[in-house]
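Novice: Input structure: entry-v3.txt, which contains compact mmCIF, C-alpha atoms and all ligand atoms.
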```txt
# COMPACT_ATOMS: atom_id res chain seq x y z
CA MET N 1188 -117.42 -35.35 15.07
CA ASN N 1189 -114.60 -34.06 12.88
CA THR N 1190 -112.65 -30.89 13.35
CA VAL N 1191 -112.45 -28.73 10.26
CA GLU N 1192 -110.19 -25.72 9.86
CA LEU N 1193 -111.01 -23.24 7.14
CA THR N 1194 -110.24 -19.68 6.16
CA VAL N 1195 -113.65 -18.14 5.66
CA ASN N 1196 -113.80 -14.59 4.31
CA LYS N 1197 -110.20 -14.05 5.48
CA ARG N 1198 -110.99 -15.29 8.99
CA ASN N 1199 -109.52 -18.48 10.39
CA VAL N 1200 -112.23 -20.73 11.80
CA GLN N 1201 -112.19 -24.13 13.39
CA ARG N 1202 -115.35 -26.09 14.07
CA ALA N 1203 -116.29 -29.55 15.26
CA ILE N 1204 -118.92 -30.88 12.84
CA GLU N 1205 -120.62 -34.10 11.81
CA PRO N 1206 -118.87 -35.76 8.83
CA ARG N 1207 -122.14 -35.46 6.89
CA THR N 1208 -122.34 -31.66 7.28
CA SER N 1209 -122.42 -29.87 3.96
CA LEU N 1210 -120.32 -26.77 3.43
CA ALA N 1211 -123.54 -24.77 2.98
CA ASP N 1212 -124.91 -25.93 6.35
CA MET N 1213 -121.60 -25.17 8.01
CA MET N 1214 -121.63 -21.63 6.58
CA ARG N 1215 -125.25 -20.98 7.52
CA ASP N 1216 -125.66 -22.85 10.80
CA THR N 1217 -122.30 -22.49 12.51
CA LEU N 1218 -120.95 -19.25 11.03
CA ASP N 1219 -124.23 -17.32 10.48
CA LEU N 1220 -123.27 -16.64 6.86
CA THR N 1221 -126.83 -16.89 5.66
CA GLY N 1222 -126.15 -15.12 2.37
CA THR N 1223 -125.40 -18.61 1.08
CA HIS N 1224 -128.90 -19.72 0.06
CA LEU N 1225 -130.27 -23.21 -0.22
CA GLY N 1226 -132.73 -23.99 -2.99
CA CYS N 1227 -132.71 -27.55 -4.25
CA GLU N 1228 -129.96 -29.02 -2.02
CA HIS N 1229 -129.23 -31.34 -4.94
CA GLY N 1230 -126.59 -29.37 -6.85
CA VAL N 1231 -129.07 -28.19 -9.48
CA CYS N 1232 -130.13 -24.59 -8.81
CA GLY N 1233 -126.82 -22.90 -7.96
CA ALA N 1234 -128.28 -20.76 -5.14
CA CYS N 1235 -125.63 -22.12 -2.76
CA THR N 1236 -122.62 -21.29 -4.97
CA ILE N 1237 -119.58 -20.04 -3.03
CA LEU N 1238 -115.85 -19.90 -3.78
CA VAL N 1239 -113.64 -22.75 -2.57
CA ASP N 1240 -109.99 -21.91 -3.23
CA GLY N 1241 -111.29 -19.39 -5.77
CA VAL N 1242 -113.45 -21.92 -7.64
CA PRO N 1243 -117.27 -21.51 -7.73
CA THR N 1244 -118.62 -24.53 -5.89
CA ARG N 1245 -122.03 -25.99 -5.02
CA SER N 1246 -121.76 -25.87 -1.26
CA CYS N 1247 -124.94 -27.95 -0.75
CA ILE N 1248 -123.29 -31.07 -2.20
CA THR N 1249 -119.79 -30.46 -0.85
CA PHE N 1250 -118.86 -32.02 2.46
CA ALA N 1251 -117.22 -29.48 4.77
CA THR N 1252 -114.74 -32.11 5.98
CA ALA N 1253 -113.51 -32.55 2.39
CA CYS N 1254 -112.47 -28.91 2.38
CA ASP N 1255 -110.21 -28.94 5.47
CA GLY N 1256 -107.58 -26.24 4.96
CA ALA N 1257 -109.46 -24.56 2.12
CA ASP N 1258 -109.93 -20.86 1.52
CA ILE N 1259 -113.66 -20.12 1.38
CA THR N 1260 -115.30 -16.92 0.18
CA THR N 1261 -119.04 -16.49 0.60
CA ILE N 1262 -121.14 -13.63 -0.74
CA GLU N 1263 -120.48 -11.75 2.54
CA GLY N 1264 -116.74 -11.92 1.79
CA LEU N 1265 -117.29 -10.17 -1.54
CA ASP N 1266 -118.66 -6.99 0.09
CA SER N 1267 -115.64 -4.94 -0.94
CA ASP N 1268 -114.60 -7.00 -3.95
CA GLU N 1269 -114.23 -4.74 -6.98
CA ILE N 1270 -115.94 -7.03 -9.51
CA ALA N 1271 -118.77 -7.98 -7.15
CA THR N 1272 -119.36 -4.28 -6.46
CA GLU N 1273 -119.62 -3.58 -10.20
CA LEU N 1274 -121.92 -6.57 -10.63
CA ARG N 1275 -124.21 -5.49 -7.80
CA ALA N 1276 -124.58 -2.05 -9.40
CA ALA N 1277 -125.25 -3.65 -12.80
CA PHE N 1278 -127.83 -6.08 -11.35
CA THR N 1279 -129.67 -3.11 -9.81
CA ARG N 1280 -129.44 -1.05 -13.00
CA GLU N 1281 -130.58 -3.86 -15.30
CA HIS N 1282 -133.36 -5.18 -13.00
CA ALA N 1283 -131.53 -8.51 -12.78
CA LEU N 1284 -133.34 -9.61 -9.63
CA GLN N 1285 -136.82 -9.74 -8.23
CA CYS N 1286 -137.09 -11.86 -5.08
CA GLY N 1287 -133.29 -12.04 -4.89
CA TYR N 1288 -133.15 -15.65 -3.74
CA CYS N 1289 -130.86 -16.73 -6.56
CA THR N 1290 -128.79 -13.53 -6.47
CA PRO N 1291 -125.90 -14.48 -4.11
CA GLY N 1292 -125.16 -17.59 -6.19
CA MET N 1293 -125.64 -15.62 -9.42
CA LEU N 1294 -123.13 -12.98 -8.30
CA VAL N 1295 -120.50 -15.57 -7.34
CA SER N 1296 -120.83 -17.35 -10.71
CA ALA N 1297 -121.01 -14.07 -12.64
CA ARG N 1298 -117.84 -12.79 -10.95
CA ASP N 1299 -116.01 -15.88 -12.16
CA LEU N 1300 -117.24 -15.25 -15.72
CA VAL N 1301 -116.20 -11.60 -15.59
CA LEU N 1302 -112.72 -12.75 -14.62
CA ARG N 1303 -112.47 -15.44 -17.30
CA LEU N 1304 -114.31 -14.38 -20.44
CA PRO N 1305 -112.10 -12.44 -22.87
CA GLU N 1306 -115.13 -10.63 -24.32
CA ALA N 1307 -118.78 -10.05 -23.55
CA ASP N 1308 -120.15 -12.85 -25.69
CA GLU N 1309 -123.86 -13.38 -24.88
CA LYS N 1310 -123.84 -17.07 -25.73
CA ALA N 1311 -120.78 -17.72 -23.53
CA ILE N 1312 -122.45 -15.78 -20.70
CA ARG N 1313 -125.66 -17.81 -21.02
CA VAL N 1314 -123.69 -21.07 -21.03
CA GLY N 1315 -121.52 -19.89 -18.12
CA MET N 1316 -124.55 -18.90 -16.04
CA SER N 1317 -126.61 -21.98 -16.98
CA GLY N 1318 -125.84 -23.62 -13.64
CA ASN N 1319 -127.71 -20.89 -11.79
CA LEU N 1320 -131.49 -20.99 -11.98
CA CYS N 1321 -133.78 -18.02 -11.46
CA ARG N 1322 -137.52 -18.47 -11.15
CA CYS N 1323 -138.34 -14.76 -11.40
CA THR N 1324 -136.47 -12.74 -13.97
CA GLY N 1325 -136.35 -14.64 -17.23
CA TYR N 1326 -132.57 -14.10 -17.29
CA VAL N 1327 -132.59 -11.17 -19.73
CA GLY N 1328 -131.57 -8.61 -17.09
CA ILE N 1329 -129.00 -10.97 -15.58
CA VAL N 1330 -127.29 -11.56 -18.93
CA ARG N 1331 -127.38 -7.82 -19.69
CA ALA N 1332 -125.84 -7.00 -16.32
CA VAL N 1333 -122.97 -9.50 -16.66
CA LYS N 1334 -122.39 -8.40 -20.26
CA SER N 1335 -122.20 -4.73 -19.28
CA VAL N 1336 -119.62 -5.39 -16.57
CA ILE N 1337 -117.40 -7.43 -18.90
CA GLU N 1338 -117.68 -4.75 -21.61
CA ALA N 1339 -116.86 -1.95 -19.19
CA ARG N 1340 -113.83 -3.75 -17.76
CA ARG N 1341 -112.39 -4.72 -21.14
CA ALA N 1342 -112.94 -1.10 -22.31
CA ARG N 1343 -110.81 -0.05 -19.30
CA ASP N 1344 -108.08 -2.43 -20.55
CA ILE N 1345 -108.62 -4.91 -17.73
CA ALA N 1346 -107.79 -8.20 -19.45
CA SER N 1347 -109.44 -11.52 -18.72
CA GLU N 1348 -107.55 -14.11 -16.67
CA PRO N 1349 -107.44 -17.54 -18.33
CA ASN N 1350 -109.05 -20.01 -15.88
CA ALA N 1351 -109.46 -17.05 -13.51
CA GLY N 1352 -105.86 -17.54 -12.38
CA ARG N 1353 -106.44 -21.12 -11.17
CA THR N 1354 -103.56 -23.54 -11.30
CA VAL N 1355 -105.45 -26.54 -9.97
CA LEU N 1356 -108.75 -27.83 -11.25
CA GLY N 1357 -110.61 -30.67 -9.67
CA PRO N 1358 -113.30 -31.55 -7.22
CA ALA N 1359 -113.87 -28.75 -4.73
CA GLY N 1360 -111.65 -28.99 -1.72
CA SER N 1361 -109.21 -31.37 -3.34
CA GLY N 1362 -106.39 -28.99 -4.08
CA HIS N 1363 -105.11 -27.95 -0.70
CA LYS N 1364 -104.49 -31.10 1.31
CA ALA N 1365 -102.22 -33.87 0.05
CA CYS N 1366 -103.75 -36.45 2.35
CA THR N 1367 -101.82 -39.68 2.73
CA VAL N 1368 -103.31 -42.99 3.88
CA SER N 1369 -101.52 -42.74 7.21
CA GLU N 1370 -102.95 -39.24 7.71
CA LYS N 1371 -106.41 -40.62 6.96
CA LEU N 1372 -105.96 -43.31 9.60
CA ALA N 1373 -104.54 -40.92 12.18
CA PRO N 1374 -106.81 -40.04 15.08
CA THR N 1375 -108.89 -36.95 14.58
CA LYS N 1376 -107.37 -33.68 15.73
CA PRO N 1377 -108.18 -32.65 19.29
CA ILE N 1378 -110.90 -30.04 19.55
CA THR N 1379 -109.77 -26.83 21.19
CA THR N 1380 -111.94 -24.91 23.60
CA GLU N 1381 -115.27 -24.59 21.86
CA ALA N 1382 -113.20 -24.99 18.71
CA THR N 1383 -113.43 -21.27 18.25
CA ALA N 1384 -110.07 -19.99 19.47
CA ALA N 1385 -109.06 -16.82 17.72
CA ILE N 1386 -106.20 -17.34 15.32
CA ALA N 1387 -104.36 -14.26 14.17
CA PRO N 1388 -104.21 -14.21 10.39
CA LEU N 1389 -100.83 -15.27 9.03
CA ALA N 1390 -100.72 -12.82 6.15
CA ILE N 1391 -101.62 -9.15 6.27
CA PRO N 1392 -102.87 -8.52 2.75
CA ASP N 1393 -103.15 -5.22 0.94
CA PHE N 1394 -106.72 -4.24 0.16
CA THR N 1395 -108.88 -1.47 -1.21
CA PRO N 1396 -110.93 0.01 1.65
CA SER N 1397 -114.67 0.30 1.03
CA THR N 1398 -114.83 3.45 3.19
CA VAL N 1399 -112.16 6.10 3.62
CA MET N 1400 -112.45 9.08 5.94
CA GLU N 1401 -110.05 11.91 6.48
CA GLN N 1402 -109.25 13.43 9.85
CA SER N 1403 -106.58 15.75 11.14
CA PHE N 1404 -105.41 17.22 14.42
CA THR N 1405 -102.58 19.43 15.58
CA VAL N 1406 -100.14 18.87 18.43
CA ALA N 1407 -97.81 21.53 19.83
CA HIS N 1408 -94.62 19.57 19.12
CA PRO N 1409 -92.24 19.60 16.15
CA PRO N 1410 -92.76 17.05 13.34
CA ALA N 1411 -89.45 15.22 13.99
CA LYS N 1412 -90.48 14.54 17.59
CA VAL N 1413 -93.92 13.30 16.54
CA PHE N 1414 -92.42 11.11 13.80
CA ALA N 1415 -89.96 9.61 16.28
CA LEU N 1416 -92.81 8.75 18.65
CA PHE N 1417 -94.76 7.14 15.79
CA ASP N 1418 -91.80 4.75 15.46
CA ASP N 1419 -92.51 3.48 18.98
CA ILE N 1420 -95.40 1.10 18.28
CA ALA N 1421 -96.07 0.35 21.95
CA ALA N 1422 -96.27 4.09 22.72
CA VAL N 1423 -98.66 4.70 19.84
CA ALA N 1424 -100.86 1.78 20.94
CA SER N 1425 -100.95 3.14 24.50
CA CYS N 1426 -102.48 6.37 23.13
CA LEU N 1427 -105.30 4.55 21.32
CA PRO N 1428 -108.31 3.89 23.59
CA GLY N 1429 -109.19 0.21 23.83
CA ALA N 1430 -106.01 -1.00 22.05
CA THR N 1431 -103.76 -3.71 23.50
CA LEU N 1432 -100.64 -5.39 22.17
CA THR N 1433 -99.74 -9.05 22.53
CA GLY N 1434 -96.10 -10.01 22.16
CA THR N 1435 -93.27 -7.77 21.07
CA PRO N 1436 -94.24 -5.49 18.22
CA ARG N 1437 -92.08 -5.45 15.10
CA PRO N 1438 -92.78 -3.18 12.12
CA GLU N 1439 -93.49 -6.18 9.88
CA ARG N 1440 -95.92 -7.69 12.38
CA VAL N 1441 -97.73 -6.19 15.32
CA GLU N 1442 -100.23 -8.43 17.08
CA GLY N 1443 -102.95 -7.22 19.38
CA GLY N 1444 -106.52 -6.11 19.53
CA ILE N 1445 -108.91 -3.21 19.91
CA LYS N 1446 -112.12 -3.09 21.84
CA VAL N 1447 -114.98 -0.82 20.79
CA LYS N 1448 -118.49 -0.54 22.13
CA ILE N 1449 -121.31 1.75 21.14
CA GLY N 1450 -124.45 1.11 23.14
CA PRO N 1451 -125.50 -2.45 22.35
CA ILE N 1452 -122.80 -2.91 19.70
CA SER N 1453 -119.67 -4.42 21.15
CA ALA N 1454 -116.66 -5.79 19.34
CA ASN N 1455 -113.21 -7.01 20.28
CA PHE N 1456 -111.09 -7.25 17.16
CA ASP N 1457 -107.98 -9.40 17.53
CA GLY N 1458 -105.53 -9.44 14.70
CA ALA N 1459 -102.27 -8.28 13.26
CA ALA N 1460 -100.86 -5.26 11.45
CA ARG N 1461 -97.74 -4.14 9.67
CA VAL N 1462 -96.21 -0.71 9.74
CA GLU N 1463 -94.52 1.17 6.90
CA ARG N 1464 -92.64 4.46 7.29
CA ASP N 1465 -91.52 7.02 4.74
CA GLU N 1466 -88.89 9.09 6.46
CA ALA N 1467 -88.30 11.44 3.55
CA HIS N 1468 -91.92 12.61 3.58
CA LEU N 1469 -92.63 12.18 7.31
CA ALA N 1470 -95.42 9.81 6.35
CA GLY N 1471 -96.41 6.25 7.05
CA ARG N 1472 -99.00 3.55 6.70
CA ILE N 1473 -100.45 0.92 9.04
CA ILE N 1474 -102.34 -1.99 7.46
CA GLY N 1475 -104.19 -4.42 9.67
CA ILE N 1476 -106.71 -7.22 9.69
CA GLY N 1477 -108.76 -8.37 12.67
CA ASN N 1478 -111.58 -10.67 13.67
CA ASP N 1479 -114.29 -10.29 16.25
CA GLN N 1480 -115.15 -13.83 17.29
CA ARG N 1481 -118.39 -12.90 19.04
CA SER N 1482 -120.04 -11.17 16.11
CA ARG N 1483 -118.14 -13.26 13.58
CA SER N 1484 -117.05 -10.10 11.82
CA THR N 1485 -113.83 -9.29 10.05
CA THR N 1486 -112.33 -5.90 9.45
CA GLN N 1487 -109.43 -4.77 7.36
CA GLY N 1488 -108.11 -1.32 8.09
CA GLU N 1489 -105.51 1.05 6.79
CA ILE N 1490 -104.30 4.27 8.37
CA ARG N 1491 -102.17 6.58 6.25
CA TYR N 1492 -100.62 9.52 8.03
CA ARG N 1493 -98.63 12.57 7.01
CA LEU N 1494 -97.01 15.09 9.32
CA VAL N 1495 -97.18 18.72 8.23
CA PRO N 1496 -95.16 21.41 10.05
CA GLU N 1497 -97.12 24.32 11.48
CA ALA N 1498 -96.21 27.45 13.46
CA ASP N 1499 -92.75 27.58 11.86
CA GLY N 1500 -92.08 23.97 12.73
CA ALA N 1501 -93.03 24.29 16.41
CA ALA N 1502 -96.26 22.35 15.90
CA THR N 1503 -97.42 19.45 13.72
CA ARG N 1504 -100.64 18.84 11.89
CA VAL N 1505 -101.23 15.10 11.72
CA GLU N 1506 -103.27 14.30 8.59
CA LEU N 1507 -104.93 10.91 8.63
CA ALA N 1508 -106.74 8.91 5.96
CA ILE N 1509 -108.52 6.06 7.71
CA GLY N 1510 -109.85 3.31 5.44
CA TYR N 1511 -111.68 0.17 6.41
CA SER N 1512 -113.81 -2.67 5.14
CA LEU N 1513 -116.13 -4.58 7.44
CA THR N 1514 -117.74 -7.94 6.76
CA GLY N 1515 -119.96 -10.16 8.90
CA MET N 1516 -122.75 -9.33 11.31
CA LEU N 1517 -121.27 -5.98 12.38
CA ALA N 1518 -121.32 -4.77 8.79
CA GLN N 1519 -125.13 -5.00 8.96
CA VAL N 1520 -125.47 -2.85 12.08
CA GLY N 1521 -122.32 -0.70 11.94
CA ARG N 1522 -123.59 1.99 9.60
CA SER N 1523 -120.86 4.10 8.07
CA ASP N 1524 -122.00 7.34 9.75
CA LEU N 1525 -121.89 5.60 13.14
CA VAL N 1526 -118.41 4.26 12.40
CA ARG N 1527 -117.38 7.73 11.22
CA ASP N 1528 -118.59 9.27 14.49
CA LEU N 1529 -116.73 6.61 16.45
CA ALA N 1530 -113.53 7.20 14.45
CA THR N 1531 -113.80 10.96 15.03
CA ARG N 1532 -113.97 10.39 18.75
CA LEU N 1533 -111.19 7.80 18.76
CA VAL N 1534 -108.96 10.22 16.84
CA ALA N 1535 -109.79 13.03 19.29
CA GLU N 1536 -108.90 10.77 22.26
CA PHE N 1537 -105.75 9.63 20.46
CA ALA N 1538 -104.70 13.24 19.75
CA GLY N 1539 -105.12 14.21 23.42
CA ASN N 1540 -103.16 11.18 24.62
CA LEU N 1541 -100.44 11.76 22.03
CA ASP N 1542 -100.08 15.35 23.16
CA ARG N 1543 -99.82 14.27 26.82
CA ARG N 1544 -97.26 11.61 25.92
CA LEU N 1545 -95.14 14.07 23.89
CA SER N 1546 -95.22 16.47 26.84
CA GLY N 1547 -93.86 13.76 29.12
CA GLY N 1548 -97.16 12.80 30.72
CA THR N 1549 -99.08 9.52 30.76
CA PRO N 1550 -101.95 8.86 28.35
CA SER N 1551 -105.29 8.62 30.13
CA VAL N 1552 -106.16 5.49 28.21
CA PRO N 1553 -108.23 3.57 30.79
CA THR N 1554 -110.54 6.55 31.34
CA ALA N 1555 -110.80 7.19 27.62
CA ALA N 1556 -111.61 3.56 26.89
CA ALA N 1557 -114.28 3.57 29.61
CA ASP N 1558 -115.78 6.75 28.16
CA LEU N 1559 -115.88 5.26 24.71
CA ASN N 1560 -117.48 2.14 26.08
CA GLY N 1561 -120.07 4.02 28.02
CA ILE N 1562 -123.13 6.14 27.74
CA SER N 1563 -121.18 9.36 27.12
CA LEU N 1564 -120.26 8.24 23.62
CA VAL N 1565 -123.84 7.36 22.73
CA PHE N 1566 -125.05 10.68 24.12
CA GLY N 1567 -122.28 12.40 22.23
CA LEU N 1568 -123.33 10.76 18.99
CA PHE N 1569 -126.99 11.70 19.50
CA ARG N 1570 -126.07 15.25 20.56
CA ASP N 1571 -123.98 15.77 17.41
CA ARG N 1572 -126.67 14.19 15.25
CA ALA N 1573 -129.39 16.38 16.84
CA ALA N 1574 -127.25 19.49 16.35
CA ARG N 1575 -126.76 18.66 12.68
CA MET N 1576 -130.51 18.08 12.19
CA LEU N 1577 -131.31 21.36 13.93
CA GLN N 1578 -128.81 23.12 11.70
CA ARG N 1579 -130.43 21.57 8.61
CA PHE N 1580 -133.93 22.73 9.66
CA THR N 1581 -133.04 26.21 10.87
CA GLY N 1582 -130.08 26.97 8.62
CA HIS N 1583 -128.17 28.00 11.76
CA GLY N 1584 -125.20 26.32 13.39
CA GLY N 1585 -125.93 24.62 16.71
CA ALA N 1586 -123.52 24.15 19.58
CA THR N 1587 -121.74 20.79 19.33
S1 LIG N 1601 -128.99 -25.51 -3.21
FE1 LIG N 1601 -127.08 -26.11 -3.97
S2 LIG N 1601 -127.40 -26.26 -6.07
FE2 LIG N 1601 -129.37 -25.84 -5.31
S1 LIG N 1602 -134.69 -13.22 -8.54
FE1 LIG N 1602 -136.07 -14.66 -7.66
S2 LIG N 1602 -135.15 -16.54 -8.07
FE2 LIG N 1602 -133.92 -15.15 -9.15
```
Spell out the structure here as structure tokens.
Ligand code: FES
Ligand code: FES
Specialist:
Amino acid sequence: MNTVELTVNKRNVQRAIEPRTSLADMMRDTLDLTGTHLGCEHGVCGACTILVDGVPTRSCITFATACDGADITTIEGLDSDEIATELRAAFTREHALQCGYCTPGMLVSARDLVLRLPEADEKAIRVGMSGNLCRCTGYVGIVRAVKSVIEARRARDIASEPNAGRTVLGPAGSGHKACTVSEKLAPTKPITTEATAAIAPLAIPDFTPSTVMEQSFTVAHPPAKVFALFDDIAAVASCLPGATLTGTPRPERVEGGIKVKIGPISANFDGAARVERDEAHLAGRIIGIGNDQRSRSTTQGEIRYRLVPEADGAATRVELAIGYSLTGMLAQVGRSDLVRDLATRLVAEFAGNLDRRLSGGTPSVPTAAADLNGISLVFGLFRDRAARMLQRFTGHGGAT
């Protein structure tokens, strides 16, 4: 067995695998990323195309061990990618899929073309997509979809990137490890517990959230006092149900996790965040990235806040814009309305705890976390949902 370390869809993973394991099998069988399809398993059909260090690659004929250290993006990792989003809409609009088996590979290859081609030249698109076979559509819709996305982006003055920004070309997986002979002869790396230890991401990238929701609450304390408390990361974390910190928090890097559970859905996101503050406008931003090892899901989140004085400065309205993107298994079950309900309740718990803390009391975090983890939250969600449905049918407001 060999140990392979990869960054897959922004998540660090380490697995012990047979040297003969293909990258496609590793994605599908050990990481549950089954959006990577297998057709021919001979490098002909393109159904298994994924990005290795940004380069579209046939994962069925690429050994996973050859990619140690590489940055992998599968179709699941393109959920919130801007070009992939435009392509998905265009594929739907232009009827560019029927059974959909070829579609994940098509989208990965098409995204690369959208990045690279200076203009929407049909011949160049057909040549560029010729490594992806489709047995259903006849290609007309696919070509039209790719063409329309390139045209729309160039019309918006988004220029092409020569070579899609690549600086290294070569066999997949070759660009990231300068492997010397002595390294090759060195004993294989020890395998850590189950080879699945959570590794906090090194970089906390900026991102465009796929979902943004706005919330606000008011506390009976002046804005300056609230802003000062927001500077105390440990205090803020203690007000958030289910949140824990590991290590000493610094604004440029806060490490920790948050545990959420709704009925059968349970997740424990470990990760890191950075904090930005704008003193002049009593505003700030927290950007984080976390992984849930159990569900193999990754989330990126951003909270923007702004403090607005109320009651002649005696109280503060805290305005929040909460954005997030979710990939992996939880993205399939964590519907946005469910996440929205959960966020509403988390914010309500946070507001109560913040108020208690500002008044000199202790946040009731353990109780709040238990409530969120328990049946009360599920009942709460159903009660609110039922009230909304009743309101829709009767035209009258129900008690919530
Ligand atoms: S399954 Fe990889 S190219 Fe066909
Ligand atoms: S849509 Fe069926 S193979 Fe392409």
Novice: So the first atom is atom CA of Thr1272 of chain N and the second is atom CA of Val1295 of chain N; what is the distance between them in Å, to one decimal place?
Specialist: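 Pair atom CA of Thr1272 of chain N / atom CA of Val1295 of chain N returns 11.4 Å.
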Novice: Give me, as a VMD selection string, the set of residues whose atoms come within 10 Å of any atom of ligand LIG 1602 (chain N), counting all atoms listed in the file.
Specialist: chain N and resid 1226 1232 1234 1282 to 1293 1319 to 1326 1329
Novice: At most 8 Å is the cut-off: for each residue in chain N with any atom that close to an atom of ligand LIG 1601 (chain N), write down the nearest atom pair and the distance in Å rounded to one decimal, counting only C-alpha atoms and all ligand atoms, chain first then increasing number, as a Markdown table.
Specialist:
```
| residue | atom | partner | partner_atom | distance |
| --- | --- | --- | --- | --- |
| N:Ala1211 | CA | N:LIG1601 | FE1 | 7.9 |
| N:His1224 | CA | N:LIG1601 | S1 | 6.7 |
| N:Leu1225 | CA | N:LIG1601 | S1 | 4.0 |
| N:Gly1226 | CA | N:LIG1601 | S1 | 4.0 |
| N:Cys1227 | CA | N:LIG1601 | FE2 | 3.9 |
| N:Glu1228 | CA | N:LIG1601 | S1 | 3.8 |
| N:His1229 | CA | N:LIG1601 | FE2 | 5.5 |
| N:Gly1230 | CA | N:LIG1601 | S2 | 3.3 |
| N:Val1231 | CA | N:LIG1601 | S2 | 4.3 |
| N:Cys1232 | CA | N:LIG1601 | FE2 | 3.8 |
| N:Gly1233 | CA | N:LIG1601 | S2 | 3.9 |
| N:Ala1234 | CA | N:LIG1601 | S1 | 5.2 |
| N:Cys1235 | CA | N:LIG1601 | FE1 | 4.4 |
| N:Thr1236 | CA | N:LIG1601 | FE1 | 6.6 |
| N:Arg1245 | CA | N:LIG1601 | FE1 | 5.2 |
| N:Ser1246 | CA | N:LIG1601 | FE1 | 6.0 |
| N:Cys1247 | CA | N:LIG1601 | FE1 | 4.3 |
| N:Ile1248 | CA | N:LIG1601 | FE1 | 6.5 |
| N:Asn1319 | CA | N:LIG1601 | S2 | 7.9 |
```
Novice: Pick the closest to Thr1261 of chain N from N:Thr1190, N:Ser1317, N:Thr1433, N:Asn1196: which is it, counting only C-alpha atoms?
Specialist: N:Asn1196
Novice: Of the candidates N:Asp1479, N:Asp1266, N:Asp1418, N:Glu1306, which shows the shortest atom-to-atom distance to Asn1199 of chain N, using all atoms listed in the file?
Specialist: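 When distances to Asn1199 of chain N are compared using all atoms listed in the file, the smallest one comes from N:Asp1479.
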Novice: Quick one: pull the distance between atom CA of Ala1351 of chain N and atom CA of Val1239 of chain N, Å, one decimal.
Specialist: 13.0 Å
Novice: How far is it from atom CA of Asn1540 of chain N to atom CA of Ser1482 of chain N, in Å with one decimal?
Specialist: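 For atom CA of Asn1540 of chain N relative to atom CA of Ser1482 of chain N, the distance reads 29.3 Å.
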Novice: Emit as AutoDock Vina command-line options the padded axis-aligned box for all listed atoms of segment 1526-1536 of chain N, 3 Å per side, with centre and edge lengths in Å to one decimal.
Specialist:
```
--center_x -113.7 --center_y 8.6 --center_z 16.7 --size_x 15.7 --size_y 14.8 --size_z 17.0
```
Novice: Choose the residue, out of N:Glu1348, N:Glu1205, N:Phe1404, N:Gln1487, that has the smallest atom-to-atom separation from Glu1536 of chain N; count all atoms listed in the file.
Specialist: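 Smallest separation from Glu1536 of chain N among the options: N:Phe1404.
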Novice: Would you please work out which residue, of N:Ala1251, N:Val1413, N:Cys1426, N:Ala1467, is nearest to Ile1204 of chain N when using only C-alpha atoms?
Specialist: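 Among the listed residues, the smallest separation from Ile1204 of chain N belongs to N:Ala1251.
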Novice: Env of segment 1435-1446 of chain N: 6 Å cut, atoms = all atoms listed in the file, seq-sep filter 6 positions within chain, self excluded. Answer as a list in words.
Specialist: Gly1429, Ala1454, Asn1455, Phe1456, Asp1457, Gly1458, Ala1459, Ala1460, Arg1461 and Val1462 of chain N
Novice: Can I get the selected residues back with C-alpha atoms, as a PDB file, in the frame of the given file?
Specialist:
```
ATOM      1  CA  GLY N1429    -109.190   0.210  23.830  1.00  0.00           C
ATOM      2  CA  ALA N1454    -116.660  -5.790  19.340  1.00  0.00           C
ATOM      3  CA  ASN N1455    -113.210  -7.010  20.280  1.00  0.00           C
ATOM      4  CA  PHE N1456    -111.090  -7.250  17.160  1.00  0.00           C
ATOM      5  CA  ASP N1457    -107.980  -9.400  17.530  1.00  0.00           C
ATOM      6  CA  GLY N1458    -105.530  -9.440  14.700  1.00  0.00           C
ATOM      7  CA  ALA N1459    -102.270  -8.280  13.260  1.00  0.00           C
ATOM      8  CA  ALA N1460    -100.860  -5.260  11.450  1.00  0.00           C
ATOM      9  CA  ARG N1461     -97.740  -4.140   9.670  1.00  0.00           C
ATOM     10  CA  VAL N1462     -96.210  -0.710   9.740  1.00  0.00           C
TER      11      VAL N1462
END
```
Novice: Select, from N:Ala1470, N:Ile1476, N:Ile1345, N:Ala1411, the residue with the minimum atom-to-atom distance to Leu1507 of chain N, counting only C-alpha atoms.
Specialist: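 That would be N:Ala1470, the residue with the smallest distance to Leu1507 of chain N.
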Novice: Please determine, counting all atoms listed in the file, which residue among N:Leu1294, N:Ala1530, N:Ile1270, N:Ala1498 has the shortest atom-to-atom distance to Pro1428 of chain N.
Specialist: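 Nearest candidate to Pro1428 of chain N out of N:Leu1294, N:Ala1530, N:Ile1270, N:Ala1498: N:Ala1530.
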Novice: Give me the residues near Leu1469 of chain N as a PyMOL selection string, where near means some atom within 10 Å (using all atoms listed in the file) and where sequence neighbours in that chain fewer than 3 positions away do not count.
Specialist: chain N and resi 1410-1411+1413-1415+1464-1466+1492-1496
Novice: Write out as a list in words each polymer residue whose atoms come within 8 Å of Met1400 of chain N, counting only C-alpha atoms; drop sequence neighbours fewer than 6 positions from it.
Specialist: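 So, after excluding close chain neighbours, the residues are Ala1508, Ile1509, Gly1510 and Arg1527 of chain N.
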Novice: Using all atoms listed in the file, list the residues that have an atom at most 8 Å from (-106.4, 2.1, 4.4), coordinates as in the file, as a ChimeraX atom specification.
Specialist: /N:1394-1396,1399,1472-1474,1488-1491,1508-1511
Novice: Taking 3 positions as the minimum chain separation for residues in the same chain, which residues sit within 7 Å of Glu1192 of chain N when counting only C-alpha atoms? Answer as a list in words.
Specialist: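 Everything that qualifies: Val1200, Gln1201, Arg1202, Asp1255 and Gly1256 of chain N.
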